[in-house]
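I have placed the structure first, in the form of structure tokens, so that the comments after it can refer back to it.
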Amino acid sequence: MSSVAARRAALRDRVRAHRTAAAERRAVSRAARRVRTGARSITTHVIATGADTATVKGVVKALQTAANKARANGLKGKRARIRRSFNGARNVVKTVYRYTREQIAQIAEQYKPRKAEYKAVRAALLAA
């Protein structure tokens with residue numbers, strides 16, 4: 001027989017897990033909608049594939065490197081200027097690049113991952 005406190009703790013843990021899962025689903029669907037409507041950051045494109053957070057970070061860094069090489073070869077993303085806080089300095093203007101689905105597919109063609117999770121994300125990016 002379990003105590004009332006144990007049942008409440010189990011219910012609380014289950015609710016937290018459901019809330020976290022729902023937040024992840026919302027993030028994926030929001031990113032997918034944004035990717036369909038226009039040029040977005042590489043991170044948004046990778047999140048739209050539904051990958052977990054650790055995989056997103058690894059793939060994004062690799063794709064940014066591939067994008068820099070592609071930019072040297074003529075693949076131009078849409079330039080945007082954002083204001084961010086960097087190392088304690090506020091409102092630093094930074095130039096970033098936004099890419100369409102087709103441009104991300106071209107970048108992903110150059111990317112040759114080794115991990116199975118990364119290969120799945122690459123396949124999803126190429127299919128888009």
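Chain labels run A, B, ... following the order of the structure tokens; each chain numbers its residues from 1, and ligands are numbered from 1 in the order shown.
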
(request) Write out as a PyMOL selection string which residues come within 12 Å of stretch 118-125 of chain A when counting only C-alpha atoms, dropping same-chain ones fewer than 4 positions away. (result) chain A and resi 32+35+42-52+54-63+100-114

(message) I need the residues of stretch 47-81 of chain A that end up classed as helix (DSSP H, G or I) by DSSP on the backbone, written out as a list in words.
(response) Ile47, Thr53, Ala54, Thr55, Val56, Lys57, Gly58, Val59, Val60, Lys61, Ala62, Leu63, Gln64, Thr65, Ala66, Ala67, Asn68, Lys69, Ala70, Arg71 and Ala72 of chain A

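Distances to A:Ala80 were evaluated for A:Arg40, A:Thr53, A:Gln64, A:Ala17 using only C-alpha atoms, and the minimum falls at A:Arg40.
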
(request) Pull the strand (DSSP E) assignments for chain A out of DSSP run on the backbone, and list those residues as a PyMOL selection string. (result) chain A and resi 78-86+89-98

List the spatial neighbours of A:Gly77 as a PDB file with N, CA, C and O atoms, in the first residue's frame - criterion: any atom at most 6 Å away, only C-alpha atoms, same-chain residues fewer than 4 positions off excluded.
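What ended up in selection_21.pdb:
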```pdb
ATOM      1  N   TYR A  97      23.262  34.285 -40.953  1.00  0.00           N
ATOM      2  CA  TYR A  97      22.748  33.889 -42.261  1.00  0.00           C
ATOM      3  C   TYR A  97      21.531  32.997 -42.086  1.00  0.00           C
ATOM      4  O   TYR A  97      21.485  32.144 -41.203  1.00  0.00           O
ATOM      5  N   ARG A  98      20.550  33.205 -42.942  1.00  0.00           N
ATOM      6  CA  ARG A  98      19.335  32.402 -42.963  1.00  0.00           C
ATOM      7  C   ARG A  98      19.300  31.640 -44.291  1.00  0.00           C
ATOM      8  O   ARG A  98      19.693  32.171 -45.321  1.00  0.00           O
ATOM      9  N   TYR A  99      18.813  30.404 -44.246  1.00  0.00           N
ATOM     10  CA  TYR A  99      18.832  29.545 -45.419  1.00  0.00           C
ATOM     11  C   TYR A  99      17.447  28.966 -45.698  1.00  0.00           C
ATOM     12  O   TYR A  99      16.689  28.681 -44.775  1.00  0.00           O
TER      13      TYR A  99
END
```

(message) I'd like the interatomic distance between atom CA of A:Gly74 and atom CA of A:Arg36, to a tenth of an Å.
(response) 23.3 Å

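Residue nearest A:Arg83, chosen from A:Thr20, A:Thr95, A:Ser3, A:Thr37 and counting only C-alpha atoms: A:Thr95.
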
(request) Determine, counting only C-alpha atoms, which protein, DNA and RNA residues have an atom within 10 Å of an atom of A:Lys94; residues of the same chain fewer than 4 positions away are not included. Present the result as a list in words. (result) Ala80, Arg81, Ile82, Arg83, Arg84, Ser85 and Phe86 of chain A

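Between A:Ala39 and the candidates A:Arg14, A:Lys78, A:Arg26, A:Arg90, the tightest atom-to-atom separation, counting only C-alpha atoms, involves A:Lys78.
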
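Note that atom CA of A:Val96 and atom CA of A:Lys76 are 11.5 Å apart.
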